[in-house]
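Okay, protein-v6.cif is below, mmCIF, C-alpha atoms and all ligand atoms:
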data_query
#
loop_
_atom_site.label_atom_id
_atom_site.label_comp_id
_atom_site.auth_asym_id
_atom_site.auth_seq_id
_atom_site.Cartn_x
_atom_site.Cartn_y
_atom_site.Cartn_z
CA MET A 1484 0.00 0.00 0.00
CA SER A 1485 1.07 3.58 -0.54
CA THR A 1486 3.46 4.94 2.02
CA LEU A 1487 1.39 8.14 2.07
CA ALA A 1488 -1.85 6.65 3.39
CA THR A 1489 -2.41 9.58 5.71
CA ARG A 1490 -1.61 13.26 5.42
CA PRO A 1491 2.14 13.83 5.43
CA ILE A 1492 2.33 17.18 7.25
CA THR A 1493 -0.46 19.19 8.76
CA HIS A 1494 -0.23 22.92 8.57
CA SER A 1495 -2.68 25.43 10.00
CA LEU A 1496 -2.02 28.17 7.44
CA HIS A 1497 -4.64 28.77 4.77
CA TYR A 1498 -3.82 27.11 1.40
CA SER A 1499 -1.21 24.96 3.17
CA GLN A 1500 -2.92 21.84 4.46
CA GLU A 1501 -2.12 19.16 1.91
CA VAL A 1502 -5.07 16.77 1.62
CA LEU A 1503 -4.07 15.03 -1.59
CA ASN A 1504 -1.33 12.54 -2.28
CA ARG A 1505 -0.11 14.12 -5.52
CA VAL A 1506 1.52 10.87 -6.77
CA SER A 1507 3.37 13.07 -9.25
CA PHE A 1508 5.10 10.04 -10.80
CA LEU A 1509 1.69 8.70 -11.91
CA ARG A 1510 0.73 11.78 -13.94
CA LYS A 1511 2.71 10.33 -16.84
CA ASP A 1512 1.14 6.86 -16.51
CA PRO A 1513 -1.69 6.53 -19.10
CA GLN A 1514 -3.03 3.36 -17.47
CA PHE A 1515 -3.34 5.12 -14.12
CA LEU A 1516 -5.13 8.09 -15.67
CA GLU A 1517 -7.47 5.81 -17.60
CA GLU A 1518 -8.40 3.86 -14.47
CA ALA A 1519 -8.74 7.03 -12.40
CA LEU A 1520 -11.03 8.68 -14.94
CA ALA A 1521 -13.18 5.56 -15.25
CA HIS A 1522 -13.68 4.98 -11.51
CA SER A 1523 -17.10 5.75 -10.03
CA GLU A 1524 -15.61 7.43 -6.95
CA THR A 1525 -13.51 9.94 -8.91
CA GLN A 1526 -14.37 13.56 -8.21
CA PHE A 1527 -14.07 16.69 -10.33
CA VAL A 1528 -13.74 20.06 -8.62
CA PRO A 1529 -15.24 22.73 -10.89
CA PHE A 1530 -13.66 26.18 -11.37
CA SER A 1531 -15.04 29.08 -13.34
CA ASP A 1532 -12.61 31.91 -14.20
CA TYR A 1533 -10.16 30.43 -11.65
CA LEU A 1534 -12.74 30.68 -8.88
CA PRO A 1535 -14.26 27.67 -7.12
CA LEU A 1536 -17.93 26.83 -6.86
CA VAL A 1537 -19.16 26.05 -3.36
CA ASN A 1538 -22.29 24.32 -2.16
CA GLU A 1539 -24.76 27.01 -1.13
CA ARG A 1540 -26.00 24.91 1.81
CA ASN A 1541 -22.74 24.07 3.57
CA GLY A 1542 -20.09 26.33 2.00
CA LEU A 1543 -17.93 23.34 0.99
CA LEU A 1544 -16.29 22.91 -2.40
CA MET A 1545 -18.51 21.41 -5.09
CA LYS A 1546 -17.25 18.00 -6.16
CA LEU A 1547 -18.90 16.42 -9.18
CA HIS A 1548 -18.99 12.90 -10.55
CA LYS A 1549 -18.41 12.33 -14.25
CA SER A 1550 -22.09 11.61 -14.97
CA GLU A 1551 -22.96 15.05 -13.62
CA VAL A 1552 -20.18 16.74 -15.60
CA PHE A 1553 -21.47 15.19 -18.83
CA LYS A 1554 -24.80 16.94 -18.34
CA PHE A 1555 -23.18 20.24 -19.34
CA MET A 1556 -19.89 19.31 -21.06
CA GLY A 1557 -19.11 16.89 -23.91
CA PRO A 1558 -16.36 14.24 -23.61
CA GLU A 1559 -13.97 16.06 -25.96
CA LYS A 1560 -14.04 19.35 -24.04
CA PHE A 1561 -13.93 17.39 -20.78
CA ALA A 1562 -10.61 15.78 -21.75
CA GLN A 1563 -9.09 19.21 -22.52
CA LYS A 1564 -10.27 20.89 -19.34
CA LEU A 1565 -8.95 18.43 -16.75
CA ILE A 1566 -6.05 18.77 -14.36
CA PHE A 1567 -5.06 15.84 -12.19
CA LEU A 1568 -4.53 17.03 -8.61
CA GLY A 1569 -3.99 13.82 -6.65
CA LEU A 1570 -5.55 11.03 -4.59
CA LEU A 1571 -7.58 12.24 -1.63
CA PHE A 1572 -6.05 10.71 1.51
CA SER A 1573 -8.47 8.03 2.67
CA ASN A 1574 -8.04 4.47 3.85
CA LYS A 1575 -11.65 3.78 2.93
CA SER A 1576 -11.42 4.63 -0.76
CA ASP A 1577 -12.28 1.86 -3.21
CA PHE A 1578 -9.81 3.18 -5.74
CA VAL A 1579 -6.48 1.35 -5.50
CA TYR A 1580 -3.90 1.43 -8.29
CA LYS A 1581 -1.46 -1.47 -8.66
CA SER A 1582 -2.45 -2.64 -5.15
CA ARG A 1583 -0.39 0.23 -3.73
CA TYR A 1584 -1.86 3.68 -4.23
CA ARG A 1585 -5.20 4.25 -2.55
CA GLY A 1586 -7.38 7.36 -2.44
CA THR A 1587 -10.18 9.12 -4.30
CA PRO A 1588 -8.83 10.44 -7.63
CA THR A 1589 -9.38 14.19 -7.67
CA PHE A 1590 -9.26 16.43 -10.72
CA ALA A 1591 -9.81 20.16 -11.19
CA LEU A 1592 -12.17 20.94 -14.06
CA ASP A 1593 -12.35 24.29 -15.85
CA VAL A 1594 -16.07 24.92 -16.39
CA SER A 1595 -15.70 28.57 -17.48
CA ASN A 1596 -18.30 29.56 -20.11
CA HIS A 1597 -20.42 26.48 -19.48
CA GLU A 1598 -24.09 26.60 -18.53
CA LEU A 1599 -24.28 24.98 -15.10
CA ASP A 1600 -28.05 24.94 -14.53
CA ALA A 1601 -28.04 21.13 -14.70
CA LEU A 1602 -26.11 20.76 -11.42
CA SER A 1603 -28.23 19.00 -8.81
CA GLU A 1604 -27.00 21.01 -5.79
CA PRO A 1605 -27.41 24.79 -5.43
CA PHE A 1606 -24.05 26.52 -5.66
CA VAL A 1607 -22.39 29.92 -5.56
CA LYS A 1608 -19.21 31.03 -7.29
CA LEU A 1609 -16.76 32.61 -4.88
CA GLY A 1610 -15.74 36.01 -6.12
CA SER A 1611 -13.21 37.67 -3.88
CA PHE A 1612 -10.16 37.25 -1.71
CA ARG A 1613 -12.32 37.45 1.40
CA ASP A 1614 -14.62 34.71 0.07
CA LEU A 1615 -11.61 32.42 -0.31
CA ASN A 1616 -10.69 33.14 3.33
CA ARG A 1617 -13.92 31.48 4.39
CA LEU A 1618 -13.03 28.12 2.84
CA THR A 1619 -12.00 25.30 5.18
CA LEU A 1620 -8.25 24.68 5.39
CA GLU A 1621 -8.64 21.48 3.36
CA ASP A 1622 -10.72 23.12 0.64
CA SER A 1623 -8.43 26.16 0.50
CA SER A 1624 -5.47 23.91 -0.26
CA ILE A 1625 -7.25 22.19 -3.15
CA VAL A 1626 -8.30 25.59 -4.49
CA SER A 1627 -4.75 26.93 -4.27
CA GLN A 1628 -3.27 23.99 -6.16
CA ALA A 1629 -5.94 24.10 -8.86
CA ARG A 1630 -5.80 27.90 -9.31
CA MET A 1631 -2.05 27.82 -9.82
CA TYR A 1632 -2.38 25.22 -12.58
CA LEU A 1633 -5.40 26.88 -14.21
CA GLN A 1634 -3.79 30.33 -14.36
CA TRP A 1635 -0.48 28.92 -15.59
CA LEU A 1636 -2.13 26.88 -18.37
CA ASP A 1637 -4.21 29.84 -19.56
CA SER A 1638 -1.20 32.16 -19.71
CA HIS A 1639 1.07 29.74 -21.60
CA ASN A 1640 -0.91 28.96 -24.74
CA PHE A 1641 2.10 29.49 -27.00
CA CYS A 1642 5.68 28.20 -26.97
CA SER A 1643 8.07 30.82 -25.60
CA ILE A 1644 10.77 29.72 -28.10
CA CYS A 1645 9.00 29.38 -31.48
CA GLY A 1646 5.53 30.79 -30.85
CA ALA A 1647 3.64 27.62 -31.90
CA LYS A 1648 0.66 26.49 -29.84
CA THR A 1649 1.39 24.46 -26.73
CA LEU A 1650 -0.27 21.14 -25.93
CA ARG A 1651 -1.37 20.03 -22.48
CA VAL A 1652 0.22 16.75 -21.44
CA TYR A 1653 0.14 14.51 -18.34
CA ALA A 1654 -3.41 15.44 -17.39
CA GLY A 1655 -2.77 19.17 -17.63
CA THR A 1656 0.29 19.23 -15.39
CA GLN A 1657 2.85 20.04 -18.10
CA LEU A 1658 2.93 21.73 -21.52
CA LYS A 1659 4.74 20.73 -24.69
CA CYS A 1660 5.35 22.63 -27.94
CA SER A 1661 3.15 21.40 -30.83
CA ASN A 1662 5.90 22.14 -33.38
CA GLY A 1663 7.93 18.93 -33.82
CA GLY A 1664 10.83 20.95 -35.28
CA CYS A 1665 11.01 23.33 -32.31
CA VAL A 1666 14.32 23.23 -30.47
CA SER A 1667 12.36 22.78 -27.22
CA ASN A 1668 11.36 19.31 -28.44
CA HIS A 1669 14.98 18.25 -28.93
CA ARG A 1670 16.36 18.92 -25.49
CA VAL A 1671 16.41 16.72 -22.44
CA SER A 1672 14.00 18.99 -20.61
CA ASN A 1673 11.52 19.46 -23.42
CA THR A 1674 8.37 20.32 -21.56
CA CYS A 1675 7.22 23.44 -19.82
CA PHE A 1676 6.62 23.06 -16.10
CA PRO A 1677 4.21 25.06 -13.95
CA ARG A 1678 5.85 28.06 -12.42
CA THR A 1679 6.07 28.99 -8.76
CA ASP A 1680 7.56 32.36 -7.80
CA PRO A 1681 9.33 32.50 -4.42
CA VAL A 1682 8.54 35.54 -2.29
CA VAL A 1683 10.28 36.21 1.01
CA ILE A 1684 8.24 37.82 3.76
CA SER A 1685 9.99 38.80 6.94
CA ALA A 1686 8.97 40.15 10.31
CA ILE A 1687 11.67 42.29 11.92
CA THR A 1688 12.55 42.21 15.60
CA ASN A 1689 15.24 43.96 17.66
CA ARG A 1690 18.23 42.26 19.29
CA ASP A 1691 16.55 41.57 22.65
CA ASN A 1692 13.31 40.46 20.99
CA THR A 1693 11.10 43.02 22.75
CA LYS A 1694 9.76 44.89 19.71
CA VAL A 1695 8.54 44.32 16.16
CA LEU A 1696 9.03 46.77 13.32
CA LEU A 1697 5.63 47.25 11.65
CA CYS A 1698 5.75 48.51 8.07
CA LYS A 1699 3.02 50.47 6.30
CA SER A 1700 3.05 50.10 2.54
CA GLY A 1701 2.73 53.23 0.42
CA ALA A 1702 0.96 51.34 -2.39
CA PRO A 1703 -2.24 53.04 -3.62
CA ARG A 1704 -4.39 50.10 -2.48
CA ASN A 1705 -3.09 50.58 1.08
CA LYS A 1706 -4.10 54.26 1.26
CA GLU A 1707 -7.52 53.40 2.60
CA ARG A 1708 -6.92 50.18 4.51
CA LYS A 1709 -3.75 51.48 6.25
CA LEU A 1710 -2.41 48.00 6.85
CA TYR A 1711 0.81 47.50 8.82
CA SER A 1712 2.66 44.31 7.96
CA CYS A 1713 6.04 42.75 7.23
CA VAL A 1714 8.65 43.43 4.57
CA SER A 1715 8.29 41.25 1.49
CA GLY A 1716 9.50 40.87 -2.06
CA PHE A 1717 10.32 38.46 -4.88
CA VAL A 1718 13.55 36.50 -4.70
CA ASP A 1719 15.99 37.64 -7.41
CA PRO A 1720 17.79 35.20 -9.73
CA SER A 1721 20.74 33.56 -7.99
CA GLU A 1722 19.96 34.88 -4.54
CA THR A 1723 19.71 32.87 -1.32
CA LEU A 1724 16.54 33.34 0.71
CA GLU A 1725 18.55 34.91 3.53
CA VAL A 1726 20.19 37.41 1.18
CA ALA A 1727 16.81 38.21 -0.40
CA VAL A 1728 15.41 39.04 3.07
CA ALA A 1729 18.40 41.23 3.95
CA ARG A 1730 18.19 43.03 0.59
CA GLU A 1731 14.44 43.66 0.85
CA ILE A 1732 14.79 44.98 4.41
CA TRP A 1733 17.57 47.39 3.41
CA GLU A 1734 15.78 48.53 0.23
CA GLU A 1735 12.49 49.16 2.04
CA THR A 1736 13.60 50.37 5.50
CA GLY A 1737 17.28 51.29 5.21
CA LEU A 1738 18.07 48.91 8.09
CA THR A 1739 20.74 46.23 7.93
CA THR A 1740 20.28 42.76 9.36
CA ASP A 1741 22.84 40.12 10.22
CA LYS A 1742 20.49 37.34 11.32
CA VAL A 1743 17.68 35.76 9.28
CA GLU A 1744 15.73 32.72 10.33
CA ILE A 1745 13.52 30.81 7.85
CA LEU A 1746 10.39 29.61 9.64
CA MET A 1747 7.54 28.52 7.40
CA SER A 1748 6.11 28.72 3.93
CA GLN A 1749 2.67 29.23 2.45
CA PRO A 1750 1.40 28.76 -1.11
CA TRP A 1751 -0.22 32.00 -2.27
CA PRO A 1752 -2.30 31.48 -5.43
CA PHE A 1753 -2.43 35.14 -6.58
CA PRO A 1754 -1.34 34.01 -9.07
CA ASN A 1755 1.45 31.55 -8.25
CA ASN A 1756 3.65 32.56 -5.33
CA LEU A 1757 5.26 30.63 -2.52
CA MET A 1758 5.55 32.89 0.52
CA ILE A 1759 8.63 32.05 2.58
CA GLY A 1760 8.16 33.34 6.10
CA CYS A 1761 11.24 34.59 7.96
CA VAL A 1762 12.23 36.55 11.04
CA ALA A 1763 15.13 39.00 10.82
CA VAL A 1764 16.97 40.75 13.64
CA CYS A 1765 17.89 44.42 13.23
CA ASP A 1766 19.62 46.74 15.67
CA ASP A 1767 16.90 49.22 16.70
CA ALA A 1768 19.47 51.99 17.23
CA GLN A 1769 19.69 52.27 13.43
CA TYR A 1770 17.83 55.13 11.81
CA PRO A 1771 15.29 53.93 9.21
CA ASP A 1772 15.55 55.36 5.70
CA LEU A 1773 12.48 54.80 3.51
CA THR A 1774 13.86 56.67 0.49
CA HIS A 1775 15.62 53.85 -1.38
CA ASP A 1776 12.72 52.13 -3.14
CA CYS A 1777 10.03 54.33 -1.52
CA GLU A 1778 7.70 51.33 -1.07
CA LEU A 1779 6.89 52.14 2.56
CA ASP A 1780 5.08 55.17 3.98
CA GLU A 1781 5.99 54.56 7.59
CA VAL A 1782 7.74 52.10 9.91
CA ARG A 1783 7.07 51.86 13.62
CA TRP A 1784 8.74 49.82 16.39
CA VAL A 1785 5.91 48.36 18.50
CA PRO A 1786 6.51 46.62 21.86
CA CYS A 1787 5.60 42.91 21.83
CA SER A 1788 3.17 43.41 24.75
CA VAL A 1789 1.16 45.97 22.73
CA LEU A 1790 1.32 43.89 19.56
CA GLU A 1791 0.02 40.80 21.37
CA GLN A 1792 -3.16 42.59 22.43
CA ILE A 1793 -3.84 43.71 18.87
CA LEU A 1794 -3.08 40.32 17.31
CA ASN A 1795 -5.57 38.67 19.66
CA GLN A 1796 -8.47 40.77 18.36
CA GLN A 1797 -10.99 39.43 15.87
CA GLU A 1798 -10.74 40.57 12.27
CA GLY A 1799 -13.14 43.35 11.29
CA PRO A 1800 -15.47 43.59 8.28
CA SER A 1801 -12.51 44.70 6.16
CA GLY A 1802 -10.92 41.25 6.60
CA PHE A 1803 -8.12 42.80 8.72
CA ILE A 1804 -7.67 43.40 12.44
CA GLN A 1805 -8.50 47.05 13.12
CA ASP A 1806 -7.26 48.53 16.41
CA GLU A 1807 -8.87 51.89 16.96
CA ASN A 1808 -6.68 52.88 19.93
CA SER A 1809 -3.36 52.60 18.13
CA GLY A 1810 -4.64 53.11 14.57
CA LEU A 1811 -2.79 49.93 13.62
CA ASN A 1812 -4.51 47.61 11.16
CA LEU A 1813 -2.89 44.17 11.01
CA PRO A 1814 -3.23 41.10 8.74
CA ASN A 1815 -5.67 38.44 9.95
CA ASP A 1816 -4.63 35.10 11.42
CA LYS A 1817 -4.85 33.27 8.08
CA SER A 1818 -1.80 35.07 6.76
CA VAL A 1819 1.85 34.23 7.16
CA ALA A 1820 2.53 37.86 8.24
CA HIS A 1821 0.27 37.40 11.26
CA MET A 1822 1.94 34.09 12.16
CA LEU A 1823 5.40 35.67 11.98
CA MET A 1824 4.43 38.57 14.26
CA ASN A 1825 2.83 36.11 16.64
CA TYR A 1826 5.98 33.99 16.64
CA ILE A 1827 8.07 36.96 17.81
CA VAL A 1828 5.49 37.84 20.49
CA GLU A 1829 5.51 34.27 21.84
CA ARG A 1830 9.31 34.16 21.77
CA SER A 1831 9.49 37.46 23.69
CA LYS A 1832 7.62 35.81 26.58
CA THR A 1833 10.07 32.94 26.89
CA SER A 1834 13.17 35.11 26.43
CA SER A 1835 12.04 37.59 29.13
CA HIS A 1836 11.98 34.92 31.88
ZN ZN B 1 8.22 25.70 -29.80
#

Is it possible to give me this structure as structure tokens?
Ligand SMILES: [Zn+2]
Amino acid sequence: MSTLATRPITHSLHYSQEVLNRVSFLRKDPQFLEEALAHSETQFVPFSDYLPLVNERNGLLMKLHKSEVFKFMGPEKFAQKLIFLGLLFSNKSDFVYKSRYRGTPTFALDVSNHELDALSEPFVKLGSFRDLNRLTLEDSSIVSQARMYLQWLDSHNFCSICGAKTLRVYAGTQLKCSNGGCVSNHRVSNTCFPRTDPVVISAITNRDNTKVLLCKSGAPRNKERKLYSCVSGFVDPSETLEVAVAREIWEETGLTTDKVEILMSQPWPFPNNLMIGCVAVCDDAQYPDLTHDCELDEVRWVPCSVLEQILNQQEGPSGFIQDENSGLNLPNDKSVAHMLMNYIVERSKTSSH
């Protein structure tokens, strides 16, 4: 039996709780895909314009069987719109491949531009970032994986070398150039893989771990919400994660850091990032300088005791924590930024004893 009969690692961050055994080596196995697609238990998770459909009654992801899909989509379109996601971890599943790999085969299905009146259950299409926040951890992880594939496939319709159309292979998990003469078809690595962009996000604390530097972005979308958060940015080519953190901190705040700790990561499907959560230590005697890349409006050292009280508040209607006393709006507890701030607060309690 599969060595991954249960979930490998549980993670409480949104989009991060893996519920599928991806069996990535089976994506290229036509017999596996044929058996998976033919099995009565197999489920198809519908997406329309990259957004999931949820059951109106219970708020859970819609999961359709093939007979239901064929009420609104023909077999030819169906084959083009599938992405294999994995086997849902379950010891009770009747689907077992080669006596080893058990679990309910789960596919994402792009149902954009299809008339869905024939579905037997009432559903709603989620439409915003805040809607996605209301998904269960398990559902959010399936949505994240599917969204990343769907957006990547739709934005790579043509070969980046010769411009010919690309073809979806291995149940939508890779792309290949349709031009047999294209140089991309004569190399060892001749397919196009889905892309994930690494983004470092770092909370900043001082040397004795008593304060956190909160950073207010100067981006137009932050003018109204006035959110204070961490420093973040894309990792540059040929840059270690630690160096990327130190560079982003200097570019945004003018502070230098000599200690970076990598703590956690979170998939972020907007559209295809992997957030890498870190904590950096900066000497708080340094004078901040926000004039290098001018991304921040303001930075503020906040004592851990004050920050703890704010972090413990419920999120407001805006989807953020809004503290009227301090005027500090903070990310909610589903974000890696919140977890990083909380990590420093918790550590300050142990280091002060
Ligand atoms: Zn090509």

Which residues are near ligand ZN 1 (chain B) in this structure, taking near to mean any atom at most 12 Å from a ligand atom and counting only C-alpha atoms and all ligand atoms? Format them as a PDB file with C-alpha atoms, keeping the file's coordinate frame.
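See selection18.pdb below for the written result:
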ATOM      1  CA  HIS A1639       1.070  29.740 -21.600  1.00  0.00           C
ATOM      2  CA  ASN A1640      -0.910  28.960 -24.740  1.00  0.00           C
ATOM      3  CA  PHE A1641       2.100  29.490 -27.000  1.00  0.00           C
ATOM      4  CA  CYS A1642       5.680  28.200 -26.970  1.00  0.00           C
ATOM      5  CA  SER A1643       8.070  30.820 -25.600  1.00  0.00           C
ATOM      6  CA  ILE A1644      10.770  29.720 -28.100  1.00  0.00           C
ATOM      7  CA  CYS A1645       9.000  29.380 -31.480  1.00  0.00           C
ATOM      8  CA  GLY A1646       5.530  30.790 -30.850  1.00  0.00           C
ATOM      9  CA  ALA A1647       3.640  27.620 -31.900  1.00  0.00           C
ATOM     10  CA  LYS A1648       0.660  26.490 -29.840  1.00  0.00           C
ATOM     11  CA  THR A1649       1.390  24.460 -26.730  1.00  0.00           C
ATOM     12  CA  LEU A1650      -0.270  21.140 -25.930  1.00  0.00           C
ATOM     13  CA  LEU A1658       2.930  21.730 -21.520  1.00  0.00           C
ATOM     14  CA  LYS A1659       4.740  20.730 -24.690  1.00  0.00           C
ATOM     15  CA  CYS A1660       5.350  22.630 -27.940  1.00  0.00           C
ATOM     16  CA  SER A1661       3.150  21.400 -30.830  1.00  0.00           C
ATOM     17  CA  ASN A1662       5.900  22.140 -33.380  1.00  0.00           C
ATOM     18  CA  GLY A1663       7.930  18.930 -33.820  1.00  0.00           C
ATOM     19  CA  GLY A1664      10.830  20.950 -35.280  1.00  0.00           C
ATOM     20  CA  CYS A1665      11.010  23.330 -32.310  1.00  0.00           C
ATOM     21  CA  VAL A1666      14.320  23.230 -30.470  1.00  0.00           C
ATOM     22  CA  SER A1667      12.360  22.780 -27.220  1.00  0.00           C
ATOM     23  CA  ASN A1668      11.360  19.310 -28.440  1.00  0.00           C
ATOM     24  CA  HIS A1669      14.980  18.250 -28.930  1.00  0.00           C
ATOM     25  CA  ARG A1670      16.360  18.920 -25.490  1.00  0.00           C
ATOM     26  CA  ASN A1673      11.520  19.460 -23.420  1.00  0.00           C
ATOM     27  CA  THR A1674       8.370  20.320 -21.560  1.00  0.00           C
ATOM     28  CA  CYS A1675       7.220  23.440 -19.820  1.00  0.00           C
TER      29      CYS A1675
END

(request) Tell me which of A:Cys1713, A:Leu1757, A:Val1743, A:Leu1520 sits closest to Gln1628 (chain A), counting all atoms listed in the file. (result) A:Leu1757

(request) Using CA of Gly1810 (chain A) and CA of Leu1779 (chain A) as the two end points, give the distance in Å to one decimal. (result) 16.7 Å

(message) List the spatial neighbours of Leu1534 (chain A) as a list in words - criterion: any atom at most 7 Å away, only C-alpha atoms, same-chain residues fewer than 2 positions off excluded.
(response) Phe1530, Ser1531, Asp1532, Leu1536, Lys1608, Leu1609 and Gly1610 of chain A

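All protein, DNA and RNA residues at most 6 Å from (9.2, 47.9, 13.1) are Val1695, Leu1696, Leu1697, Val1782, Arg1783 and Trp1784 of chain A, using only C-alpha atoms.
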
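Between Lys1709 (chain A) and the residues A:Gln1749, A:Ser1809, A:Thr1723, A:Ser1573, the shortest atom-to-atom distance, using all atoms listed in the file, involves A:Ser1809.
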
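Note that CA of Leu1794 (chain A) and CA of Asp1741 (chain A) are 26.9 Å apart.
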
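Residue nearest Phe1508 (chain A), chosen from A:Asn1596, A:Asn1825, A:Ser1495, A:Thr1656 and counting only C-alpha atoms: A:Thr1656.
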
(message) For region 1797-1807 of chain A, find every residue with an atom within 10 Å (counting all atoms listed in the file), except residues of its own chain fewer than 3 positions away, and show them as a ChimeraX atom specification.
(response) /A:1612-1614,1616,1708-1710,1792-1794,1810-1816

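Distances here use all atoms listed in the file; by that measure, the residue among A:Ile1827, A:Glu1707, A:Asp1680, A:Thr1774 closest to Glu1744 (chain A) is A:Ile1827.
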
Give me region 1591-1606 of chain A with N, CA, C and O atoms filled in, as a compact mmCIF listing (two decimals), keeping the file's coordinate frame.
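Writing done, so here's part36.txt:
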# COMPACT_ATOMS: atom_id res chain seq x y z
N ALA A 1591 -9.17 18.85 -11.02
CA ALA A 1591 -9.81 20.16 -11.19
C ALA A 1591 -10.41 20.17 -12.59
O ALA A 1591 -9.89 19.53 -13.50
N LEU A 1592 -11.51 20.88 -12.75
CA LEU A 1592 -12.17 20.94 -14.06
C LEU A 1592 -12.53 22.40 -14.34
O LEU A 1592 -13.24 23.03 -13.55
N ASP A 1593 -12.04 22.90 -15.47
CA ASP A 1593 -12.35 24.29 -15.85
C ASP A 1593 -13.72 24.31 -16.52
O ASP A 1593 -13.88 23.79 -17.63
N VAL A 1594 -14.71 24.88 -15.84
CA VAL A 1594 -16.07 24.92 -16.39
C VAL A 1594 -16.44 26.33 -16.86
O VAL A 1594 -17.62 26.62 -17.06
N SER A 1595 -15.43 27.20 -17.02
CA SER A 1595 -15.70 28.57 -17.48
C SER A 1595 -16.51 28.53 -18.78
O SER A 1595 -16.26 27.69 -19.64
N ASN A 1596 -17.46 29.44 -18.91
CA ASN A 1596 -18.30 29.56 -20.11
C ASN A 1596 -19.23 28.37 -20.35
O ASN A 1596 -19.70 28.17 -21.46
N HIS A 1597 -19.46 27.57 -19.33
CA HIS A 1597 -20.42 26.48 -19.48
C HIS A 1597 -21.67 26.79 -18.67
O HIS A 1597 -21.59 27.38 -17.59
N GLU A 1598 -22.80 26.39 -19.21
CA GLU A 1598 -24.09 26.60 -18.53
C GLU A 1598 -24.23 25.53 -17.45
O GLU A 1598 -24.22 24.34 -17.76
N LEU A 1599 -24.34 25.95 -16.20
CA LEU A 1599 -24.28 24.98 -15.10
C LEU A 1599 -25.64 24.73 -14.43
O LEU A 1599 -25.71 24.20 -13.33
N ASP A 1600 -26.72 25.10 -15.13
CA ASP A 1600 -28.05 24.94 -14.53
C ASP A 1600 -28.37 23.49 -14.19
O ASP A 1600 -29.21 23.20 -13.34
N ALA A 1601 -27.70 22.55 -14.88
CA ALA A 1601 -28.04 21.13 -14.70
C ALA A 1601 -27.50 20.56 -13.39
O ALA A 1601 -27.84 19.44 -13.02
N LEU A 1602 -26.67 21.31 -12.66
CA LEU A 1602 -26.11 20.76 -11.42
C LEU A 1602 -27.22 20.52 -10.40
O LEU A 1602 -28.13 21.35 -10.25
N SER A 1603 -27.13 19.38 -9.70
CA SER A 1603 -28.23 19.00 -8.81
C SER A 1603 -28.24 19.80 -7.51
O SER A 1603 -29.28 20.01 -6.91
N GLU A 1604 -27.07 20.26 -7.06
CA GLU A 1604 -27.00 21.01 -5.79
C GLU A 1604 -26.92 22.51 -6.09
O GLU A 1604 -26.27 22.92 -7.05
N PRO A 1605 -27.56 23.34 -5.24
CA PRO A 1605 -27.41 24.79 -5.43
C PRO A 1605 -25.98 25.22 -5.10
O PRO A 1605 -25.38 24.70 -4.16
N PHE A 1606 -25.44 26.13 -5.89
CA PHE A 1606 -24.05 26.52 -5.66
C PHE A 1606 -23.88 28.02 -5.83
O PHE A 1606 -24.73 28.70 -6.41
